[in-house]
$ cat query-v6.cif   # mmCIF, C-alpha atoms
data_upload
loop_
_atom_site.group_PDB
_atom_site.id
_atom_site.type_symbol
_atom_site.label_atom_id
_atom_site.label_comp_id
_atom_site.auth_asym_id
_atom_site.auth_seq_id
_atom_site.Cartn_x
_atom_site.Cartn_y
_atom_site.Cartn_z
ATOM 1 C CA LYS A 228 0.000 0.000 0.000
ATOM 2 C CA ASN A 229 2.764 2.402 0.937
ATOM 3 C CA PHE A 230 4.597 1.671 -2.279
ATOM 4 C CA ALA A 231 1.454 2.254 -4.341
ATOM 5 C CA ALA A 232 0.923 5.580 -2.585
ATOM 6 C CA LYS A 233 4.543 6.544 -3.151
ATOM 7 C CA ALA A 234 4.223 5.772 -6.856
ATOM 8 C CA LYS A 235 1.233 8.145 -7.103
ATOM 9 C CA ASP A 236 0.029 6.405 -10.221
ATOM 10 C CA ASP A 237 -3.749 6.197 -10.682
ATOM 11 C CA GLU A 238 -3.468 3.375 -13.182
ATOM 12 C CA LEU A 239 -2.091 1.185 -10.388
ATOM 13 C CA LYS A 240 -5.163 1.369 -8.148
ATOM 14 C CA ASP A 241 -5.803 -2.352 -8.794
ATOM 15 C CA PHE A 242 -2.100 -3.166 -8.885
ATOM 16 C CA PHE A 243 -1.963 -4.276 -5.265
ATOM 17 C CA PRO A 244 -4.954 -6.594 -4.711
ATOM 18 C CA GLU A 245 -5.973 -7.677 -1.252
ATOM 19 C CA GLY A 246 -8.893 -9.136 0.617
ATOM 20 C CA VAL A 247 -9.129 -12.827 -0.298
ATOM 21 C CA THR A 248 -7.242 -15.207 1.947
ATOM 22 C CA GLU A 249 -8.354 -18.527 0.485
ATOM 23 C CA ASP A 250 -5.800 -20.402 -1.618
ATOM 24 C CA ASP A 251 -6.309 -22.965 -4.383
ATOM 25 C CA ASP A 252 -3.996 -25.060 -6.532
ATOM 26 C CA GLU A 253 -6.334 -24.426 -9.447
ATOM 27 C CA ALA A 254 -8.769 -21.556 -9.529
ATOM 28 C CA GLY A 255 -10.556 -19.399 -12.065
ATOM 29 C CA VAL A 256 -12.654 -16.258 -12.181
ATOM 30 C CA SER A 257 -16.336 -17.064 -11.981
ATOM 31 C CA GLY A 258 -17.957 -16.518 -15.368
ATOM 32 C CA ASP A 259 -14.626 -16.442 -17.187
ATOM 33 C CA GLU A 260 -13.963 -20.162 -17.428
ATOM 34 C CA ASP A 261 -14.665 -19.981 -21.162
ATOM 35 C CA PHE A 262 -11.552 -17.910 -21.757
ATOM 36 C CA ALA A 263 -9.444 -20.198 -19.580
ATOM 37 C CA LYS A 264 -10.673 -23.242 -21.478
ATOM 38 C CA LEU A 265 -10.035 -21.492 -24.780
ATOM 39 C CA PHE A 266 -6.489 -20.706 -23.644
ATOM 40 C CA GLU A 267 -5.748 -24.328 -22.743
ATOM 41 C CA GLU A 268 -7.324 -25.591 -25.957
ATOM 42 C CA GLN A 269 -5.282 -23.114 -27.961
ATOM 43 C CA GLN A 270 -2.086 -24.127 -26.170
ATOM 44 C CA SER A 271 -2.688 -27.805 -26.893
ATOM 45 C CA ARG A 272 -3.213 -27.188 -30.589
ATOM 46 C CA GLY A 273 0.318 -25.894 -31.046
ATOM 47 C CA ALA A 274 0.194 -23.460 -33.985
ATOM 48 C CA LYS A 275 -2.175 -20.635 -33.144
ATOM 49 C CA LEU A 276 -1.416 -17.874 -35.583
ATOM 50 C CA GLY A 277 -2.568 -17.708 -39.136
ATOM 51 C CA ARG A 278 -0.295 -16.723 -41.989
ATOM 52 C CA GLY A 279 -1.297 -14.981 -45.186
ATOM 53 C CA GLU A 280 -3.379 -12.032 -46.302
ATOM 54 C CA ILE A 281 -5.891 -10.760 -43.759
ATOM 55 C CA PHE A 282 -9.030 -9.047 -45.000
ATOM 56 C CA LEU A 283 -12.527 -8.061 -43.897
ATOM 57 C CA ALA A 284 -15.081 -10.709 -44.780
ATOM 58 C CA LYS A 285 -18.763 -9.838 -45.121
ATOM 59 C CA VAL A 286 -21.316 -12.173 -43.541
ATOM 60 C CA VAL A 287 -24.043 -13.102 -46.049
ATOM 61 C CA SER A 288 -26.006 -15.750 -44.161
ATOM 62 C CA SER A 289 -25.529 -18.686 -41.819
ATOM 63 C CA ASP A 290 -26.396 -22.326 -41.357
ATOM 64 C CA GLU A 291 -26.225 -24.552 -38.323
ATOM 65 C CA GLU A 292 -22.429 -24.656 -38.108
ATOM 66 C CA HIS A 293 -21.059 -21.887 -40.336
ATOM 67 C CA TYR A 294 -21.326 -18.262 -41.371
ATOM 68 C CA LEU A 295 -21.356 -17.949 -45.150
ATOM 69 C CA ILE A 296 -19.010 -15.220 -46.310
ATOM 70 C CA ASP A 297 -18.676 -12.911 -49.288
ATOM 71 C CA THR A 298 -14.905 -12.632 -49.724
ATOM 72 C CA GLY A 299 -15.048 -10.183 -52.599
ATOM 73 C CA ALA A 300 -13.609 -12.866 -54.876
ATOM 74 C CA LYS A 301 -15.197 -15.531 -57.052
ATOM 75 C CA LEU A 302 -14.878 -18.138 -54.337
ATOM 76 C CA GLU A 303 -17.219 -17.853 -51.383
ATOM 77 C CA GLY A 304 -16.018 -18.690 -47.902
ATOM 78 C CA LYS A 305 -17.319 -20.012 -44.628
ATOM 79 C CA ILE A 306 -16.319 -19.449 -41.007
ATOM 80 C CA ARG A 307 -17.118 -21.965 -38.299
ATOM 81 C CA LYS A 308 -19.419 -20.519 -35.664
ATOM 82 C CA VAL A 309 -17.296 -21.965 -32.871
ATOM 83 C CA GLU A 310 -14.543 -19.505 -33.862
ATOM 84 C CA LEU A 311 -16.681 -16.543 -32.872
ATOM 85 C CA PRO A 312 -15.965 -15.192 -29.353
ATOM 86 C CA LEU A 313 -18.647 -15.952 -26.793
ATOM 87 C CA GLY A 314 -20.989 -13.031 -26.276
ATOM 88 C CA VAL A 315 -20.589 -11.651 -29.816
ATOM 89 C CA THR A 316 -23.657 -11.599 -32.057
ATOM 90 C CA VAL A 317 -23.250 -11.568 -35.838
ATOM 91 C CA ALA A 318 -25.872 -10.604 -38.409
ATOM 92 C CA PRO A 319 -25.865 -10.541 -42.223
ATOM 93 C CA GLY A 320 -23.881 -7.541 -43.411
ATOM 94 C CA ASP A 321 -21.420 -7.595 -40.495
ATOM 95 C CA LEU A 322 -17.699 -7.613 -41.213
ATOM 96 C CA LEU A 323 -15.204 -10.001 -39.645
ATOM 97 C CA PRO A 324 -11.398 -10.259 -39.928
ATOM 98 C CA ALA A 325 -10.501 -13.417 -41.811
ATOM 99 C CA MET A 326 -7.820 -15.265 -43.736
ATOM 100 C CA TRP A 327 -7.936 -18.368 -45.892
ATOM 101 C CA ALA A 328 -7.439 -21.665 -44.078
ATOM 102 C CA SER A 329 -8.243 -23.830 -47.113
ATOM 103 C CA ARG A 330 -9.739 -23.256 -50.541
ATOM 104 C CA GLY A 331 -11.964 -25.630 -52.449
ATOM 105 C CA ARG A 332 -12.263 -25.607 -56.228
ATOM 106 C CA GLU A 333 -16.014 -25.976 -56.450
ATOM 107 C CA SER A 334 -17.275 -25.526 -52.884
ATOM 108 C CA ALA A 335 -16.863 -22.677 -50.440
ATOM 109 C CA GLY A 336 -13.403 -22.375 -48.928
ATOM 110 C CA THR A 337 -12.786 -22.310 -45.189
ATOM 111 C CA LEU A 338 -11.761 -19.066 -43.527
ATOM 112 C CA SER A 339 -10.054 -18.651 -40.173
ATOM 113 C CA LEU A 340 -11.385 -15.869 -37.961
ATOM 114 C CA ARG A 341 -9.247 -16.554 -34.903
ATOM 115 C CA GLY A 342 -6.094 -17.026 -36.960
ATOM 116 C CA ALA A 343 -6.605 -13.615 -38.540
ATOM 117 C CA ALA A 344 -7.500 -11.918 -35.256
ATOM 118 C CA ARG A 345 -4.547 -13.419 -33.416
ATOM 119 C CA GLU A 346 -2.135 -12.402 -36.157
ATOM 120 C CA LEU A 347 -3.410 -8.801 -36.067
ATOM 121 C CA GLN A 348 -3.017 -8.723 -32.287
ATOM 122 C CA ARG A 349 0.421 -10.353 -32.423
ATOM 123 C CA ARG A 350 1.714 -7.599 -34.716
ATOM 124 C CA VAL A 351 0.647 -4.993 -32.167
ATOM 125 C CA LEU A 352 2.218 -6.972 -29.325
ATOM 126 C CA GLU A 353 5.494 -7.231 -31.240
ATOM 127 C CA ASP A 354 5.557 -3.439 -31.560
ATOM 128 C CA ILE A 355 4.753 -2.955 -27.863
ATOM 129 C CA PHE A 356 7.500 -5.437 -26.941
ATOM 130 C CA LYS A 357 10.114 -3.671 -29.078
ATOM 131 C CA LYS A 358 9.260 -0.292 -27.551
ATOM 132 C CA GLY A 359 9.280 -1.674 -24.007
ATOM 133 C CA GLU A 360 5.785 -0.344 -23.360
ATOM 134 C CA ARG A 361 3.170 -1.688 -20.980
ATOM 135 C CA VAL A 362 0.083 -3.639 -21.899
ATOM 136 C CA GLU A 363 -3.097 -4.037 -19.885
ATOM 137 C CA GLY A 364 -4.137 -7.546 -18.969
ATOM 138 C CA ARG A 365 -6.575 -9.393 -16.772
ATOM 139 C CA ILE A 366 -5.746 -12.500 -14.777
ATOM 140 C CA PHE A 367 -8.363 -15.160 -15.435
ATOM 141 C CA ARG A 368 -7.110 -18.372 -13.921
ATOM 142 C CA PHE A 369 -4.349 -20.048 -11.951
ATOM 143 C CA LYS A 370 -3.170 -23.557 -12.713
ATOM 144 C CA GLY A 371 0.060 -25.354 -11.938
ATOM 145 C CA ASP A 372 2.757 -22.693 -11.712
ATOM 146 C CA SER A 373 1.254 -20.035 -13.970
ATOM 147 C CA PHE A 374 -1.576 -17.549 -14.327
ATOM 148 C CA PHE A 375 -3.618 -17.402 -17.521
ATOM 149 C CA VAL A 376 -3.906 -13.782 -18.649
ATOM 150 C CA GLY A 377 -6.036 -12.036 -21.275
ATOM 151 C CA LEU A 378 -4.403 -9.016 -22.940
ATOM 152 C CA ASN A 379 -6.597 -6.201 -24.259
ATOM 153 C CA ILE A 380 -5.221 -5.654 -27.755
ATOM 154 C CA LEU A 381 -6.794 -3.786 -30.689
ATOM 155 C CA PRO A 382 -5.466 -4.069 -34.263
ATOM 156 C CA ALA A 383 -3.269 -1.242 -35.503
ATOM 157 C CA GLU A 384 -5.409 -0.797 -38.619
ATOM 158 C CA ASP A 385 -8.648 1.069 -37.904
ATOM 159 C CA LYS A 386 -10.620 -0.798 -40.550
ATOM 160 C CA PHE A 387 -10.526 -4.006 -38.499
ATOM 161 C CA CYS A 388 -12.305 -2.404 -35.546
ATOM 162 C CA GLY A 389 -14.372 0.193 -37.346
ATOM 163 C CA LYS A 390 -17.829 0.388 -38.853
ATOM 164 C CA GLY A 391 -19.367 -2.975 -39.655
ATOM 165 C CA VAL A 392 -17.312 -4.999 -37.166
ATOM 166 C CA PRO A 393 -19.399 -6.109 -34.122
ATOM 167 C CA VAL A 394 -18.860 -3.440 -31.462
ATOM 168 C CA ASN A 395 -17.769 -5.859 -28.717
ATOM 169 C CA PHE A 396 -15.733 -8.182 -30.939
ATOM 170 C CA TRP A 397 -12.274 -7.255 -29.640
ATOM 171 C CA ASP A 398 -13.461 -6.847 -26.048
ATOM 172 C CA LYS A 399 -14.548 -10.484 -26.134
ATOM 173 C CA LEU A 400 -11.334 -11.718 -27.738
ATOM 174 C CA PRO A 401 -8.424 -11.001 -25.364
ATOM 175 C CA TYR A 402 -5.068 -12.331 -26.477
ATOM 176 C CA PRO A 403 -4.078 -15.301 -24.283
ATOM 177 C CA ALA A 404 -0.798 -14.962 -22.408
ATOM 178 C CA ASN A 405 1.004 -16.725 -19.608
ATOM 179 C CA MET A 406 2.397 -15.236 -16.385
ATOM 180 C CA PRO A 407 4.615 -17.515 -14.237
ATOM 181 C CA VAL A 408 3.885 -17.145 -10.524
ATOM 182 C CA GLY A 409 7.400 -15.793 -10.034
ATOM 183 C CA GLU A 410 6.576 -12.834 -12.286
ATOM 184 C CA VAL A 411 3.497 -11.678 -10.381
ATOM 185 C CA ASP A 412 5.090 -9.939 -7.423
ATOM 186 C CA ILE A 413 8.435 -9.281 -5.740
ATOM 187 C CA ASP A 414 7.033 -10.954 -2.612
ATOM 188 C CA ASP A 415 5.296 -14.297 -2.170
ATOM 189 C CA PRO A 416 2.152 -14.079 -4.363
ATOM 190 C CA ARG A 417 0.131 -16.484 -2.251
ATOM 191 C CA PRO A 418 -2.787 -16.760 -1.753
ATOM 192 C CA TYR A 419 -3.125 -16.992 -5.521
ATOM 193 C CA ARG A 420 -6.886 -16.509 -5.592
ATOM 194 C CA ARG A 421 -6.508 -12.836 -4.590
ATOM 195 C CA TRP A 422 -5.129 -12.028 -8.047
ATOM 196 C CA LEU A 423 -7.990 -13.510 -10.063
ATOM 197 C CA GLY A 424 -10.132 -11.057 -11.988
ATOM 198 C CA ARG A 425 -7.678 -8.177 -11.563
ATOM 199 C CA LYS A 426 -6.844 -5.853 -14.432
ATOM 200 C CA MET A 427 -3.343 -4.456 -14.249
ATOM 201 C CA PRO A 428 -0.452 -3.156 -16.351
ATOM 202 C CA MET A 429 2.126 -5.739 -17.424
ATOM 203 C CA LYS A 430 5.351 -5.934 -19.396
ATOM 204 C CA ILE A 431 5.938 -8.462 -22.154
ATOM 205 C CA VAL A 432 8.872 -10.738 -21.352
ATOM 206 C CA SER A 433 8.912 -12.727 -24.574
ATOM 207 C CA ILE A 434 6.939 -13.550 -27.714
ATOM 208 C CA GLY A 435 7.498 -16.937 -29.316
ATOM 209 C CA GLN A 436 7.400 -17.632 -33.029
ATOM 210 C CA ASP A 437 4.118 -19.485 -32.540
ATOM 211 C CA GLY A 438 2.613 -16.494 -30.756
ATOM 212 C CA ASP A 439 3.104 -17.624 -27.147
ATOM 213 C CA VAL A 440 3.378 -14.534 -24.951
ATOM 214 C CA ILE A 441 4.939 -14.401 -21.486
ATOM 215 C CA VAL A 442 4.133 -11.337 -19.375
ATOM 216 C CA SER A 443 5.315 -9.973 -16.041
ATOM 217 C CA ARG A 444 3.871 -7.644 -13.430
ATOM 218 C CA LYS A 445 7.039 -7.943 -11.354
ATOM 219 C CA LYS A 446 9.126 -6.141 -13.993
ATOM 220 C CA ILE A 447 6.985 -3.015 -13.599
ATOM 221 C CA ILE A 448 7.325 -3.105 -9.823
ATOM 222 C CA VAL A 449 11.113 -3.419 -10.112
ATOM 223 C CA GLU A 450 11.249 -0.515 -12.580
ATOM 224 C CA MET A 451 9.130 1.639 -10.280
ATOM 225 C CA LYS A 452 11.218 0.754 -7.229
ATOM 226 C CA ASP A 453 14.411 1.577 -9.138
ATOM 227 C CA ALA A 454 12.975 4.967 -10.096
ATOM 228 C CA ILE A 455 11.993 5.706 -6.492
ATOM 229 C CA LYS A 456 15.417 4.548 -5.285
ATOM 230 C CA GLN A 457 17.180 6.857 -7.708
ATOM 231 C CA GLU A 458 14.984 9.783 -6.670
ATOM 232 C CA THR A 459 15.819 9.101 -3.014
ATOM 233 C CA LEU A 460 19.554 8.916 -3.698
ATOM 234 C CA ASN A 461 19.376 12.204 -5.607
ATOM 235 C CA THR A 462 17.547 14.105 -2.878
ATOM 236 C CA VAL A 463 18.455 12.625 0.526
ATOM 237 C CA LYS A 464 21.208 14.236 2.601
ATOM 238 C CA ALA A 465 22.894 13.684 5.935
ATOM 239 C CA GLY A 466 20.660 14.693 8.819
ATOM 240 C CA ASP A 467 17.331 13.961 7.076
ATOM 241 C CA VAL A 468 14.780 12.120 9.222
ATOM 242 C CA MET A 469 13.093 9.364 7.226
ATOM 243 C CA ALA A 470 10.835 6.396 7.892
ATOM 244 C CA ALA A 471 12.544 3.031 7.432
ATOM 245 C CA LYS A 472 10.814 -0.315 6.991
ATOM 246 C CA VAL A 473 12.466 -3.213 8.789
ATOM 247 C CA LYS A 474 13.192 -6.066 6.364
ATOM 248 C CA VAL A 475 15.518 -8.386 8.320
ATOM 249 C CA ILE A 476 16.392 -8.730 12.005
ATOM 250 C CA ASP A 477 19.571 -10.510 13.094
ATOM 251 C CA ILE A 478 22.041 -10.472 15.985
ATOM 252 C CA ASP A 479 24.012 -7.546 14.546
ATOM 253 C CA GLY A 480 21.011 -5.268 14.012
ATOM 254 C CA VAL A 481 18.380 -4.741 11.326
ATOM 255 C CA LYS A 482 18.320 -4.283 7.584
ATOM 256 C CA VAL A 483 15.862 -1.641 6.447
ATOM 257 C CA ASP A 484 14.297 -0.155 3.345
ATOM 258 C CA VAL A 485 14.209 3.642 3.096
ATOM 259 C CA ASP A 486 12.129 4.666 0.070
ATOM 260 C CA GLY A 487 13.655 1.974 -2.102
ATOM 261 C CA VAL A 488 17.192 2.214 -0.717
ATOM 262 C CA GLU A 489 18.498 -0.671 1.359
ATOM 263 C CA GLY A 490 20.249 0.268 4.587
ATOM 264 C CA ALA A 491 21.631 -1.268 7.759
ATOM 265 C CA MET A 492 21.151 -0.155 11.361
ATOM 266 C CA PRO A 493 23.564 -1.662 13.913
ATOM 267 C CA ALA A 494 22.045 -3.084 17.096
ATOM 268 C CA VAL A 495 23.746 -0.407 19.208
ATOM 269 C CA GLU A 496 21.822 2.270 17.295
ATOM 270 C CA LEU A 497 18.402 0.734 17.956
ATOM 271 C CA SER A 498 18.041 1.784 21.579
ATOM 272 C CA TRP A 499 19.754 3.422 24.583
ATOM 273 C CA TYR A 500 18.806 0.417 26.738
#
$ encode --input "query-v6.cif" --output "structure tokens"
Amino acid sequence: KNFAAKAKDDELKDFFPEGVTEDDDEAGVSGDEDFAKLFEEQQSRGAKLGRGEIFLAKVVSSDEEHYLIDTGAKLEGKIRKVELPLGVTVAPGDLLPAMWASRGRESAGTLSLRGAARELQRRVLEDIFKKGERVEGRIFRFKGDSFFVGLNILPAEDKFCGKGVPVNFWDKLPYPANMPVGEVDIDDPRPYRRWLGRKMPMKIVSIGQDGDVIVSRKKIIVEMKDAIKQETLNTVKAGDVMAAKVKVIDIDGVKVDVDGVEGAMPAVELSWY
């Protein structure tokens, strides 16, 4: 709490969650299990990203399993309904990002919606990663030694989120990422359940060739602490009275933290008695 106040950063109001004391080896946010299942399914499939030209496909009609698509070419296409994010409604005339998955000679070819969407999001993530910028994500589920995270990413090209595209399409399609438990906090992150459902800024640690993204909250905390430490070193002077937080107690004295700077206080300086 003190560190969050020191940072004076409104965007970090949910950065330091508290309140829940229950712990689970496997837990998810109520109502968000669909995303967690999608993440695991996507991980097990291996290749996640599509390759090829991405375009806006116009929905013409639908049957029980597919949306029939006008691709603007001679060959019509179809998108499986299961590729549409849950909570998104599509009507004839709507536009969806798509790329060819397979093309038939006489029948409609198959289009990939998720492959196109993921590729558009990956391009944005690559740019964010290169610039060292933050990305906002929400922790959905904990399993094993990692948190499943959804990153809020919009395509760089306005046409893919403009007029004709369902208004909540990208809100319902967060990019799945992974956050190891060791990258959540500088302290012990347990109980793990207290992090679930939280939206917070994160830094991208790596992006694999297959689109796997590893993120870290800890990196931001370290960067912030380093900035505070440097500010303290630049301004503090002999004789200043400052509050110190005790970190370690041993026979020789205590080790303390003074606004991000580590210090030592000998036992003889702790008391006159």
$ closest_residue --input "query-v6.cif" --among "A:Gly359, A:Gly336, A:Gly304, A:Gly320" --to "A:Ser433" --atoms "only C-alpha atoms"
A:Gly359
$ closest_residue --input "query-v6.cif" --among "A:Asp385, A:Asp321, A:Glu353, A:Glu310" --to "A:Leu338" --atoms "all atoms listed in the file"
A:Glu310
$ resolve_selection --input "query-v6.cif" --expression "the PyMOL selection byres ((chain A and resi 489) around 12)" --output "list of chain:residue names"
A:Lys452, A:Asp453, A:Lys456, A:Gln457, A:Thr459, A:Leu460, A:Ala471, A:Lys472, A:Val473, A:Lys474, A:Val475, A:Val481, A:Lys482, A:Val483, A:Asp484, A:Val485, A:Asp486, A:Gly487, A:Val488, A:Gly490, A:Ala491, A:Met492
$ closest_residue --input "query-v6.cif" --among "A:Trp499, A:Trp397, A:Tyr402, A:Phe369" --to "A:Arg349" --atoms "all atoms listed in the file"
A:Tyr402
$ atom_distance --input "query-v6.cif" --atom1 "atom CA of A:Ile413" --atom2 "atom CA of A:Val468"
26.9 Å
$ residues_around --input "query-v6.cif" --residues "stretch 313-317 of chain A" --least-positions-apart "4" --cutoff "9 Å" --atoms "only C-alpha atoms" --output "count of residues only"
14
$ residues_near_point --input "query-v6.cif" --point "(-9.7, -14.1, -32.7)" --cutoff "9 Å" --atoms "only C-alpha atoms" --output "PyMOL selection string"
chain A and resi 310-312+324+339-348+396-397+399-402
$ closest_residue --input "query-v6.cif" --among "A:Gly377, A:Met406, A:Ala325, A:Met429" --to "A:Ile355" --atoms "all atoms listed in the file"
A:Met429
$ resolve_selection --input "query-v6.cif" --expression "the PyMOL selection byres ((chain A and resi 290) around 12)" --output "tab-separated table (two decimals) with C-alpha atoms, in the coordinates of the input"
chain	number	residue	atom	x	y	z
A	286	VAL	CA	-21.32	-12.17	-43.54
A	287	VAL	CA	-24.04	-13.10	-46.05
A	288	SER	CA	-26.01	-15.75	-44.16
A	289	SER	CA	-25.53	-18.69	-41.82
A	291	GLU	CA	-26.22	-24.55	-38.32
A	292	GLU	CA	-22.43	-24.66	-38.11
A	293	HIS	CA	-21.06	-21.89	-40.34
A	294	TYR	CA	-21.33	-18.26	-41.37
A	295	LEU	CA	-21.36	-17.95	-45.15
A	296	ILE	CA	-19.01	-15.22	-46.31
A	305	LYS	CA	-17.32	-20.01	-44.63
A	306	ILE	CA	-16.32	-19.45	-41.01
A	307	ARG	CA	-17.12	-21.96	-38.30
A	308	LYS	CA	-19.42	-20.52	-35.66
A	319	PRO	CA	-25.86	-10.54	-42.22
$ atom_distance --input "query-v6.cif" --atom1 "atom CA of A:Leu352" --atom2 "atom CA of A:Lys426"
17.5 Å
$ resolve_selection --input "query-v6.cif" --expression "the PyMOL selection byres ((chain A and resi 410) around 7)" --output "short mmCIF file (atom, residue, chain, number, x, y, z; two decimals) with C-alpha atoms, in the frame of the given file"
data_model
loop_
_atom_site.label_atom_id
_atom_site.label_comp_id
_atom_site.auth_asym_id
_atom_site.auth_seq_id
_atom_site.Cartn_x
_atom_site.Cartn_y
_atom_site.Cartn_z
CA MET A 406 2.40 -15.24 -16.39
CA PRO A 407 4.62 -17.52 -14.24
CA VAL A 408 3.88 -17.14 -10.52
CA GLY A 409 7.40 -15.79 -10.03
CA VAL A 411 3.50 -11.68 -10.38
CA ASP A 412 5.09 -9.94 -7.42
CA SER A 443 5.32 -9.97 -16.04
CA ARG A 444 3.87 -7.64 -13.43
CA LYS A 445 7.04 -7.94 -11.35
#
$ atom_distance --input "query-v6.cif" --atom1 "atom CA of A:Arg421" --atom2 "atom CA of A:Met451"
22.1 Å
$ closest_residue --input "query-v6.cif" --among "A:Ala318, A:Met326, A:Ala284, A:Ile447" --to "A:Val362" --atoms "all atoms listed in the file"
A:Ile447
$ closest_residue --input "query-v6.cif" --among "A:Asp415, A:Asp477, A:Glu360, A:Glu458" --to "A:Val432" --atoms "only C-alpha atoms"
A:Glu360
$ axis_aligned_box --input "query-v6.cif" --around "stretch 452-456 of chain A" --padding-each-side "3 Å" --output "lines of an AutoDock Vina configuration file"
center_x = 13.3
center_y = 3.2
center_z = -7.7
size_x = 10.2
size_y = 11.0
size_z = 10.8
